[in-house]
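As stored in upload.txt (compact mmCIF, C-alpha atoms):
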```
# COMPACT_ATOMS: atom_id res chain seq x y z
CA MET A 1128 64.99 -52.40 15.97
CA ALA A 1129 63.92 -49.75 18.07
CA VAL A 1130 63.60 -46.39 16.52
CA SER A 1131 64.46 -43.69 18.86
CA LYS A 1132 62.82 -40.42 18.35
CA ARG A 1133 65.10 -37.64 19.03
CA LYS A 1134 63.74 -34.40 20.15
CA PRO A 1135 65.13 -31.38 18.42
CA PRO A 1136 67.18 -29.21 20.65
CA VAL A 1137 65.18 -26.54 22.43
CA ARG A 1138 66.10 -23.09 21.32
CA PRO A 1139 65.57 -20.16 23.56
CA ARG A 1140 62.72 -17.95 22.37
CA LYS A 1141 63.42 -14.50 21.17
CA THR A 1142 61.35 -12.04 23.04
CA ALA A 1143 60.20 -9.01 21.12
CA ALA A 1144 59.40 -5.71 22.70
CA PRO A 1145 55.69 -5.47 23.43
CA ARG A 1146 53.78 -3.49 20.86
CA PRO A 1147 51.90 -0.49 22.09
CA LEU A 1148 48.19 -1.01 22.14
CA LYS A 1149 46.29 0.84 19.45
CA LYS A 1150 43.78 3.22 20.85
CA PRO A 1151 40.50 3.09 19.02
CA GLU A 1152 40.10 6.18 16.88
CA THR A 1153 37.17 8.28 17.86
CA LYS A 1154 35.57 9.89 14.86
CA ALA A 1155 33.06 12.66 15.09
CA PRO A 1156 29.76 11.71 13.55
CA VAL A 1157 29.77 12.74 9.94
CA GLU A 1158 26.89 15.01 9.08
CA PRO A 1159 25.68 15.06 5.52
CA ALA A 1160 26.63 18.18 3.60
CA ILE A 1161 23.94 20.82 3.70
CA GLN A 1162 22.58 21.26 0.24
CA GLN A 1163 21.68 24.72 -0.88
CA PRO A 1164 18.37 24.84 -2.70
CA VAL A 1165 18.78 25.39 -6.40
CA GLN A 1166 17.24 28.68 -7.44
CA ALA A 1167 16.36 29.90 -10.85
CA PRO A 1168 18.68 32.71 -11.97
CA ILE A 1169 17.35 36.06 -10.88
CA LYS A 1170 17.63 38.90 -13.35
CA GLU A 1171 18.64 41.47 -10.79
CA GLN A 1172 18.57 40.89 -7.07
CA ARG A 1173 17.41 44.02 -5.30
CA PRO A 1174 15.97 44.44 -1.86
CA MET A 1175 12.21 44.79 -1.72
CA ASN A 1176 12.41 48.12 0.08
CA GLU A 1177 14.65 49.88 -2.45
CA ALA A 1178 13.53 53.21 -3.86
CA ILE A 1179 14.65 55.81 -6.36
CA GLY A 1180 14.48 59.52 -5.66
CA LEU A 1181 14.57 62.30 -8.26
CA VAL A 1182 15.00 66.03 -7.74
CA GLU A 1183 14.86 68.38 -10.73
CA THR A 1184 16.27 71.89 -10.44
CA LYS A 1185 16.79 74.89 -12.62
CA GLY A 1186 20.53 75.44 -12.78
CA LEU A 1187 23.57 73.38 -11.94
CA VAL A 1188 24.49 75.27 -8.77
CA THR A 1189 21.14 74.43 -7.22
CA LEU A 1190 21.55 70.80 -8.23
CA VAL A 1191 24.98 70.60 -6.60
CA GLU A 1192 23.49 71.94 -3.37
CA VAL A 1193 20.58 69.49 -3.59
CA THR A 1194 22.85 66.52 -4.24
CA ASP A 1195 25.16 67.48 -1.38
CA ALA A 1196 22.23 67.80 1.03
CA MET A 1197 20.79 64.44 -0.07
CA ALA A 1198 24.10 62.62 0.36
CA LYS A 1199 24.62 64.11 3.83
CA ALA A 1200 21.04 63.63 5.05
CA ALA A 1201 20.68 59.89 4.58
CA ASN A 1202 22.39 56.71 3.49
CA VAL A 1203 21.70 56.97 -0.25
CA GLU A 1204 23.77 56.35 -3.37
CA ILE A 1205 23.94 59.07 -6.02
CA VAL A 1206 23.11 57.23 -9.23
CA LYS A 1207 23.14 59.77 -12.00
CA ARG A 1208 22.81 63.39 -13.12
CA ILE A 1209 20.70 64.05 -16.17
CA SER A 1210 20.74 67.31 -18.14
CA ILE A 1211 17.31 67.86 -19.67
CA GLY A 1212 17.88 71.13 -21.44
CA GLY A 1213 16.76 74.69 -20.90
CA GLY A 1214 18.74 74.79 -17.66
CA LEU A 1215 16.87 71.87 -16.06
CA VAL A 1216 18.98 69.15 -14.46
CA THR A 1217 17.94 66.12 -12.40
CA ALA A 1218 19.76 64.21 -9.68
CA ILE A 1219 18.85 60.59 -9.06
CA VAL A 1220 19.57 58.74 -5.81
CA ARG A 1221 18.73 55.26 -4.59
CA GLY A 1222 18.60 53.42 -1.30
CA ASP A 1223 15.99 52.08 1.05
CA VAL A 1224 12.60 53.80 0.98
CA GLY A 1225 12.95 55.70 4.26
CA SER A 1226 16.42 56.99 3.45
CA VAL A 1227 15.43 58.10 -0.04
CA ARG A 1228 12.35 59.98 1.27
CA ALA A 1229 14.45 61.74 3.89
CA ALA A 1230 17.18 62.57 1.38
CA VAL A 1231 14.75 64.00 -1.19
CA GLU A 1232 13.03 66.17 1.43
CA ALA A 1233 16.38 67.47 2.67
CA GLY A 1234 17.52 68.11 -0.91
CA VAL A 1235 14.36 70.06 -1.77
CA GLN A 1236 14.73 72.20 1.36
CA ALA A 1237 18.36 72.99 0.57
CA GLY A 1238 17.64 73.63 -3.12
CA GLN A 1239 14.86 76.12 -2.38
CA GLN A 1240 17.28 78.20 -0.31
CA VAL A 1241 19.78 78.45 -3.19
CA GLY A 1242 17.67 78.46 -6.34
CA GLU A 1243 14.60 76.96 -7.94
CA VAL A 1244 13.47 73.36 -7.48
CA ALA A 1245 11.25 72.34 -10.40
CA ALA A 1246 10.06 68.92 -9.17
CA SER A 1247 10.83 66.03 -6.84
CA HIS A 1248 9.56 62.48 -6.65
CA VAL A 1249 10.23 59.18 -4.85
CA ILE A 1250 9.51 55.86 -6.56
CA PRO A 1251 9.39 52.98 -4.06
CA ARG A 1252 10.23 49.53 -5.48
CA PRO A 1253 10.78 50.56 -9.10
CA SER A 1254 10.44 47.87 -11.75
CA GLU A 1255 13.60 46.51 -13.35
CA GLY A 1256 12.54 47.76 -16.76
CA LEU A 1257 12.30 51.31 -15.47
CA VAL A 1258 15.74 51.17 -13.93
CA LYS A 1259 17.32 49.73 -17.08
CA ALA A 1260 15.53 52.08 -19.46
CA TYR A 1261 16.26 55.37 -17.73
CA PHE A 1262 19.13 54.99 -15.31
CA SER A 1263 21.62 52.55 -16.87
```
Rendering of file as structure tokens:
Amino acid sequence: MAVSKRKPPVRPRKTAAPRPLKKPETKAPVEPAIQQPVQAPIKEQRPMNEAIGLVETKGLVTLVEVTDAMAKAANVEIVKRISIGGGLVTAIVRGDVGSVRAAVEAGVQAGQQVGEVAASHVIPRPSEGLVKAYFS
């Protein structure tokens, strides 16, 4: 008995549409994140060249003139006005050392034209304790 091997019928192949080729993704080199150095908390961060200027006058009108002249003469911030008593009042400004010196000089000049200037002083780089004790 002869066994005949039958071949299965040949089916036509289904042709699929060709897949598009994947382009290799180009990734930029990943740089590690820049770490900021850890710093101890600073009590108060102030520039090293900061100064405080004080001008004391006899009478409020003179002080207003002094304060106006100081604000116009240089880039300073008017911090406070302190009444001492007996007609004496003080204006306090702050900013960088050069600006405070220029502002105080301009304020004294303007104050002497209007009234009496009792005293003036510039304190470069004041300590934090001084600032907190007198001007806060």
Problem - Atom pair CA of Arg1208 in chain A / CA of Val1182 in chain A: separation (Å) - result: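 Computing it gives 9.8 Å between the two atoms.
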Practice task
Work out how far CA of Thr1184 in chain A is from CA of Ser1210 in chain A, in Å to one decimal.
Solution key: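 So the two atoms, CA of Ser1210 in chain A and CA of Thr1184 in chain A, lie 10.0 Å apart.
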Practice task
Would you please work out which residue, of A:Lys1132, A:Val1193, A:Val1137, A:Ile1179, is nearest to Gly1242 in chain A when using all atoms listed in the file?
Solution key: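 The shortest atom-to-atom distance to Gly1242 in chain A comes from A:Val1193.
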Exercise for the section: Quick one: pull the distance between CA of Val1241 in chain A and CA of Glu1177 in chain A, Å, one decimal. Expected result: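 These two atoms are separated by 29.0 Å.
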Find the residues around Ala1200 in chain A up to 10 Å (all atoms listed in the file counted), leave out those fewer than 3 positions away in its own chain, and share them as a short mmCIF file (atom, residue, chain, number, x, y, z; two decimals) with C-alpha atoms, in the coordinates of the input.
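Result file follows (out_38.cif):
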```cif
data_model
loop_
_atom_site.label_atom_id
_atom_site.label_comp_id
_atom_site.auth_asym_id
_atom_site.auth_seq_id
_atom_site.Cartn_x
_atom_site.Cartn_y
_atom_site.Cartn_z
CA THR A 1194 22.85 66.52 -4.24
CA ASP A 1195 25.16 67.48 -1.38
CA ALA A 1196 22.23 67.80 1.03
CA MET A 1197 20.79 64.44 -0.07
CA VAL A 1203 21.70 56.97 -0.25
CA SER A 1226 16.42 56.99 3.45
CA VAL A 1227 15.43 58.10 -0.04
CA ALA A 1229 14.45 61.74 3.89
CA ALA A 1230 17.18 62.57 1.38
CA VAL A 1231 14.75 64.00 -1.19
CA GLU A 1232 13.03 66.17 1.43
CA ALA A 1233 16.38 67.47 2.67
CA GLY A 1234 17.52 68.11 -0.91
#
```
Problem - From A:Lys1259, A:Lys1207, A:Lys1185, A:Arg1228, residue lying nearest Glu1243 in chain A [all atoms listed in the file] - result: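 Checking each candidate against Glu1243 in chain A, we get A:Lys1185 as the closest.
The residue set within 6 Å of Ala1178 in chain A, counting only C-alpha atoms and dropping same-chain residues fewer than 3 places from it, reads Arg1221, Gly1222, Asp1223, Val1224, Ile1250, Pro1251 and Arg1252 of chain A.
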Pull C-alpha atoms from the residues just selected and write them as a CSV table (one decimal), in the frame of the given file.
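As written to disk, selection.csv reads:
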```csv
chain,number,residue,atom,x,y,z
A,1221,ARG,CA,18.7,55.3,-4.6
A,1222,GLY,CA,18.6,53.4,-1.3
A,1223,ASP,CA,16.0,52.1,1.0
A,1224,VAL,CA,12.6,53.8,1.0
A,1250,ILE,CA,9.5,55.9,-6.6
A,1251,PRO,CA,9.4,53.0,-4.1
A,1252,ARG,CA,10.2,49.5,-5.5
```
Complete range 1232-1258 of chain A with N, CA and C atoms (output as a PDB file, in the coordinates of the input).
```pdb
ATOM      1  N   GLU A1232      13.569  65.024   0.677  1.00  0.00           N
ATOM      2  CA  GLU A1232      13.030  66.170   1.430  1.00  0.00           C
ATOM      3  C   GLU A1232      14.137  67.136   1.828  1.00  0.00           C
ATOM      4  N   ALA A1233      15.264  66.608   2.289  1.00  0.00           N
ATOM      5  CA  ALA A1233      16.380  67.470   2.670  1.00  0.00           C
ATOM      6  C   ALA A1233      16.943  68.189   1.446  1.00  0.00           C
ATOM      7  N   GLY A1234      17.017  67.494   0.319  1.00  0.00           N
ATOM      8  CA  GLY A1234      17.520  68.110  -0.910  1.00  0.00           C
ATOM      9  C   GLY A1234      16.620  69.224  -1.404  1.00  0.00           C
ATOM     10  N   VAL A1235      15.305  69.025  -1.341  1.00  0.00           N
ATOM     11  CA  VAL A1235      14.360  70.060  -1.770  1.00  0.00           C
ATOM     12  C   VAL A1235      14.482  71.294  -0.873  1.00  0.00           C
ATOM     13  N   GLN A1236      14.582  71.066   0.430  1.00  0.00           N
ATOM     14  CA  GLN A1236      14.730  72.200   1.360  1.00  0.00           C
ATOM     15  C   GLN A1236      16.001  73.001   1.054  1.00  0.00           C
ATOM     16  N   ALA A1237      17.096  72.303   0.848  1.00  0.00           N
ATOM     17  CA  ALA A1237      18.360  72.990   0.570  1.00  0.00           C
ATOM     18  C   ALA A1237      18.322  73.673  -0.793  1.00  0.00           C
ATOM     19  N   GLY A1238      17.707  73.044  -1.776  1.00  0.00           N
ATOM     20  CA  GLY A1238      17.640  73.630  -3.120  1.00  0.00           C
ATOM     21  C   GLY A1238      16.787  74.885  -3.166  1.00  0.00           C
ATOM     22  N   GLN A1239      15.715  74.935  -2.394  1.00  0.00           N
ATOM     23  CA  GLN A1239      14.860  76.120  -2.380  1.00  0.00           C
ATOM     24  C   GLN A1239      15.564  77.326  -1.758  1.00  0.00           C
ATOM     25  N   GLN A1240      16.530  77.101  -0.900  1.00  0.00           N
ATOM     26  CA  GLN A1240      17.280  78.200  -0.310  1.00  0.00           C
ATOM     27  C   GLN A1240      18.283  78.801  -1.295  1.00  0.00           C
ATOM     28  N   VAL A1241      18.760  77.987  -2.256  1.00  0.00           N
ATOM     29  CA  VAL A1241      19.780  78.450  -3.190  1.00  0.00           C
ATOM     30  C   VAL A1241      19.194  78.910  -4.515  1.00  0.00           C
ATOM     31  N   GLY A1242      18.224  78.156  -5.014  1.00  0.00           N
ATOM     32  CA  GLY A1242      17.670  78.460  -6.340  1.00  0.00           C
ATOM     33  C   GLY A1242      16.263  77.928  -6.470  1.00  0.00           C
ATOM     34  N   GLU A1243      15.953  77.418  -7.648  1.00  0.00           N
ATOM     35  CA  GLU A1243      14.600  76.960  -7.940  1.00  0.00           C
ATOM     36  C   GLU A1243      14.572  75.437  -8.106  1.00  0.00           C
ATOM     37  N   VAL A1244      13.683  74.791  -7.355  1.00  0.00           N
ATOM     38  CA  VAL A1244      13.470  73.360  -7.480  1.00  0.00           C
ATOM     39  C   VAL A1244      12.217  73.165  -8.329  1.00  0.00           C
ATOM     40  N   ALA A1245      12.369  72.507  -9.478  1.00  0.00           N
ATOM     41  CA  ALA A1245      11.250  72.340 -10.400  1.00  0.00           C
ATOM     42  C   ALA A1245      10.334  71.199  -9.969  1.00  0.00           C
ATOM     43  N   ALA A1246      10.878  70.075  -9.549  1.00  0.00           N
ATOM     44  CA  ALA A1246      10.060  68.920  -9.170  1.00  0.00           C
ATOM     45  C   ALA A1246      10.887  67.951  -8.336  1.00  0.00           C
ATOM     46  N   SER A1247      10.177  67.110  -7.578  1.00  0.00           N
ATOM     47  CA  SER A1247      10.830  66.030  -6.840  1.00  0.00           C
ATOM     48  C   SER A1247       9.862  64.864  -6.757  1.00  0.00           C
ATOM     49  N   HIS A1248      10.422  63.660  -6.704  1.00  0.00           N
ATOM     50  CA  HIS A1248       9.560  62.480  -6.650  1.00  0.00           C
ATOM     51  C   HIS A1248      10.335  61.294  -6.099  1.00  0.00           C
ATOM     52  N   VAL A1249       9.651  60.413  -5.362  1.00  0.00           N
ATOM     53  CA  VAL A1249      10.230  59.180  -4.850  1.00  0.00           C
ATOM     54  C   VAL A1249       9.439  58.017  -5.442  1.00  0.00           C
ATOM     55  N   ILE A1250      10.140  57.049  -5.995  1.00  0.00           N
ATOM     56  CA  ILE A1250       9.510  55.860  -6.560  1.00  0.00           C
ATOM     57  C   ILE A1250       9.934  54.663  -5.711  1.00  0.00           C
ATOM     58  N   PRO A1251       9.032  54.164  -4.829  1.00  0.00           N
ATOM     59  CA  PRO A1251       9.390  52.980  -4.060  1.00  0.00           C
ATOM     60  C   PRO A1251       9.269  51.725  -4.928  1.00  0.00           C
ATOM     61  N   ARG A1252      10.183  50.805  -4.745  1.00  0.00           N
ATOM     62  CA  ARG A1252      10.230  49.530  -5.480  1.00  0.00           C
ATOM     63  C   ARG A1252      10.031  49.698  -6.975  1.00  0.00           C
ATOM     64  N   PRO A1253      10.934  50.381  -7.651  1.00  0.00           N
ATOM     65  CA  PRO A1253      10.780  50.560  -9.100  1.00  0.00           C
ATOM     66  C   PRO A1253      10.965  49.239  -9.841  1.00  0.00           C
ATOM     67  N   SER A1254      10.290  49.112 -10.967  1.00  0.00           N
ATOM     68  CA  SER A1254      10.440  47.870 -11.750  1.00  0.00           C
ATOM     69  C   SER A1254      11.821  47.851 -12.399  1.00  0.00           C
ATOM     70  N   GLU A1255      12.269  46.650 -12.738  1.00  0.00           N
ATOM     71  CA  GLU A1255      13.600  46.510 -13.350  1.00  0.00           C
ATOM     72  C   GLU A1255      13.659  47.186 -14.707  1.00  0.00           C
ATOM     73  N   GLY A1256      12.572  47.129 -15.440  1.00  0.00           N
ATOM     74  CA  GLY A1256      12.540  47.760 -16.760  1.00  0.00           C
ATOM     75  C   GLY A1256      12.737  49.260 -16.679  1.00  0.00           C
ATOM     76  N   LEU A1257      12.149  49.880 -15.674  1.00  0.00           N
ATOM     77  CA  LEU A1257      12.300  51.310 -15.470  1.00  0.00           C
ATOM     78  C   LEU A1257      13.741  51.677 -15.179  1.00  0.00           C
ATOM     79  N   VAL A1258      14.346  50.916 -14.308  1.00  0.00           N
ATOM     80  CA  VAL A1258      15.740  51.170 -13.930  1.00  0.00           C
ATOM     81  C   VAL A1258      16.656  51.030 -15.141  1.00  0.00           C
TER      82      VAL A1258
END
```
